[in-house]
Amino acid sequence: MSQVITALLKSPSNECPYLTVEFLRNNLPWGEDIEVGTKHFAFGREKAKIVLECWDLIQEYADSNGSIPPIHETKYFNIPGTIWGGDFNVVKEPEFKRGEYLIEKNYLKFTYGKLTWGFGLTKAKALAGFKEQIQFVANNG
């Protein structure tokens with residue numbers, strides 16, 4: 001079954017005080033059909049800046065069906081004037097835990113300070129058509 005991926009820009013509200021972009025699958029929250037983990041694939045300005053800074057790496061990961069970069073290879077980045085101090089890195093990990101379940105799929109893990117965030121191949125591929133929306137959030141969030 002094919003999926004339709006859309007990006008929904010959400011204005012600041014009482015629920016979330018800043019501009020975000022949320023990616024939907026068939027007009028439903030991204031993880032609506034999974035039992036464990038986060039139901040939403042959404043982010044605001046700071047993560048949007050990270051995605052844009054790593055755009056080529058993310059696209060290479062998506063285009064290679066997850067074979068590039070190699071497992072555990074770390075890439076270093078810096079974006080001055082951001083909340084995490086500018087320095088962050090991206091590493092491809094072979095698996096992740098979701099609750100008590102081990103998911104044996106590789107993913108890109110973004111680390112800045114003590115914070116980590118990541119996504120796998122399906123989400124990386126979904127971002128490809130939404131660079132303008134991500135740029136809008138990065139510039140206006």
# chains A, B, ... in the order shown; residues from 1 in each chain; ligands from 1
>>> select_by_dssp(residues="chain A", states="alpha helix (DSSP H)", output="ChimeraX atom specification")
/A:45-53,55-63,121-127,131-140
>>> write_last_selection(atoms="C-alpha atoms", output="mmCIF file, in the first residue's frame")
data_model
loop_
_atom_site.group_PDB
_atom_site.id
_atom_site.type_symbol
_atom_site.label_atom_id
_atom_site.label_comp_id
_atom_site.auth_asym_id
_atom_site.auth_seq_id
_atom_site.Cartn_x
_atom_site.Cartn_y
_atom_site.Cartn_z
ATOM 1 C CA ARG A 45 13.337 25.674 14.679
ATOM 2 C CA GLU A 46 16.432 24.178 16.293
ATOM 3 C CA LYS A 47 15.959 20.670 14.898
ATOM 4 C CA ALA A 48 14.986 22.185 11.544
ATOM 5 C CA LYS A 49 18.365 23.948 11.508
ATOM 6 C CA ILE A 50 20.093 20.644 12.263
ATOM 7 C CA VAL A 51 18.236 18.873 9.443
ATOM 8 C CA LEU A 52 19.188 21.603 6.984
ATOM 9 C CA GLU A 53 22.836 21.620 8.073
ATOM 10 C CA TRP A 55 20.743 17.835 4.448
ATOM 11 C CA ASP A 56 23.341 16.264 2.136
ATOM 12 C CA LEU A 57 24.171 13.548 4.671
ATOM 13 C CA ILE A 58 20.481 12.762 5.230
ATOM 14 C CA GLN A 59 19.832 12.612 1.478
ATOM 15 C CA GLU A 60 22.870 10.394 0.925
ATOM 16 C CA TYR A 61 21.577 8.071 3.675
ATOM 17 C CA ALA A 62 18.119 8.020 2.054
ATOM 18 C CA ASP A 63 19.381 7.599 -1.519
ATOM 19 C CA LEU A 121 15.477 5.483 6.705
ATOM 20 C CA THR A 122 11.730 5.899 6.192
ATOM 21 C CA LYS A 123 11.699 9.302 7.877
ATOM 22 C CA ALA A 124 14.894 10.364 6.097
ATOM 23 C CA LYS A 125 13.274 9.554 2.751
ATOM 24 C CA ALA A 126 10.118 11.428 3.761
ATOM 25 C CA LEU A 127 12.046 14.658 4.392
ATOM 26 C CA LYS A 131 13.023 21.228 2.300
ATOM 27 C CA GLU A 132 11.068 24.479 1.809
ATOM 28 C CA GLN A 133 8.806 23.800 4.786
ATOM 29 C CA ILE A 134 11.778 22.844 6.959
ATOM 30 C CA GLN A 135 13.580 26.023 5.860
ATOM 31 C CA PHE A 136 10.493 28.081 6.766
ATOM 32 C CA VAL A 137 10.439 26.620 10.291
ATOM 33 C CA ALA A 138 14.207 27.140 10.672
ATOM 34 C CA ASN A 139 13.874 30.809 9.701
ATOM 35 C CA ASN A 140 10.625 31.635 11.497
#
>>> residues_around(residues="stretch 88-93 of chain A", least_positions_apart="2", cutoff="12 Å", atoms="only C-alpha atoms", output="PyMOL selection string")
chain A and resi 46-47+49-51+53-55+57-58+61+66-80+82-86+95-97+103-121
>>> residues_around(residues="A:Gly31", least_positions_apart="6", cutoff="8 Å", atoms="only C-alpha atoms", output="NGL selection string")
:A and (37-41)
>>> select_by_dssp(residues="stretch 21-137 of chain A", states="strand (DSSP E)", output="number ranges by chain")
A: 21-25, 28-29, 41-43, 74-78, 87-93, 96-98, 101-103, 107-112, 115-120
>>> write_last_selection(atoms="C-alpha atoms", output="PDB file, in the first residue's frame")
ATOM      1  CA  VAL A  21       6.439  21.099  11.160  1.00  0.00           C
ATOM      2  CA  GLU A  22       4.779  17.717  11.582  1.00  0.00           C
ATOM      3  CA  PHE A  23       5.021  14.953   9.007  1.00  0.00           C
ATOM      4  CA  LEU A  24       1.918  12.855   8.472  1.00  0.00           C
ATOM      5  CA  ARG A  25       1.378   9.518   6.749  1.00  0.00           C
ATOM      6  CA  LEU A  28      -2.462  10.606  10.340  1.00  0.00           C
ATOM      7  CA  PRO A  29       0.323  11.171  12.864  1.00  0.00           C
ATOM      8  CA  PHE A  41       7.318  13.064  13.740  1.00  0.00           C
ATOM      9  CA  ALA A  42       7.539  16.805  14.347  1.00  0.00           C
ATOM     10  CA  PHE A  43      10.141  19.408  15.175  1.00  0.00           C
ATOM     11  CA  THR A  74      30.637  10.118  13.156  1.00  0.00           C
ATOM     12  CA  LYS A  75      30.214  13.395  11.271  1.00  0.00           C
ATOM     13  CA  TYR A  76      30.765  16.685  13.133  1.00  0.00           C
ATOM     14  CA  PHE A  77      28.864  19.919  12.517  1.00  0.00           C
ATOM     15  CA  ASN A  78      28.597  23.415  13.979  1.00  0.00           C
ATOM     16  CA  ASP A  87      28.455  21.843  18.043  1.00  0.00           C
ATOM     17  CA  PHE A  88      26.719  18.577  17.286  1.00  0.00           C
ATOM     18  CA  ASN A  89      27.446  15.265  15.643  1.00  0.00           C
ATOM     19  CA  VAL A  90      25.642  12.632  13.634  1.00  0.00           C
ATOM     20  CA  VAL A  91      26.416   8.935  13.796  1.00  0.00           C
ATOM     21  CA  LYS A  92      24.678   5.988  12.162  1.00  0.00           C
ATOM     22  CA  GLU A  93      23.773   3.394  14.779  1.00  0.00           C
ATOM     23  CA  PHE A  96      17.732   1.276  18.861  1.00  0.00           C
ATOM     24  CA  LYS A  97      15.474   0.527  21.783  1.00  0.00           C
ATOM     25  CA  ARG A  98      11.849   1.545  21.749  1.00  0.00           C
ATOM     26  CA  TYR A 101      11.810  -3.637  22.340  1.00  0.00           C
ATOM     27  CA  LEU A 102      15.061  -3.761  20.372  1.00  0.00           C
ATOM     28  CA  ILE A 103      14.531  -2.466  16.838  1.00  0.00           C
ATOM     29  CA  TYR A 107      19.198   5.125  12.083  1.00  0.00           C
ATOM     30  CA  LEU A 108      20.912   8.509  12.200  1.00  0.00           C
ATOM     31  CA  LYS A 109      21.494   9.718  15.760  1.00  0.00           C
ATOM     32  CA  PHE A 110      21.998  13.458  16.280  1.00  0.00           C
ATOM     33  CA  THR A 111      23.753  14.480  19.506  1.00  0.00           C
ATOM     34  CA  TYR A 112      24.121  18.020  20.789  1.00  0.00           C
ATOM     35  CA  LEU A 115      20.388  15.829  24.024  1.00  0.00           C
ATOM     36  CA  THR A 116      19.938  13.139  21.385  1.00  0.00           C
ATOM     37  CA  TRP A 117      17.429  12.754  18.613  1.00  0.00           C
ATOM     38  CA  GLY A 118      17.258  10.483  15.620  1.00  0.00           C
ATOM     39  CA  PHE A 119      15.332   8.931  12.810  1.00  0.00           C
ATOM     40  CA  GLY A 120      15.643   6.050  10.408  1.00  0.00           C
TER      41      GLY A 120
END
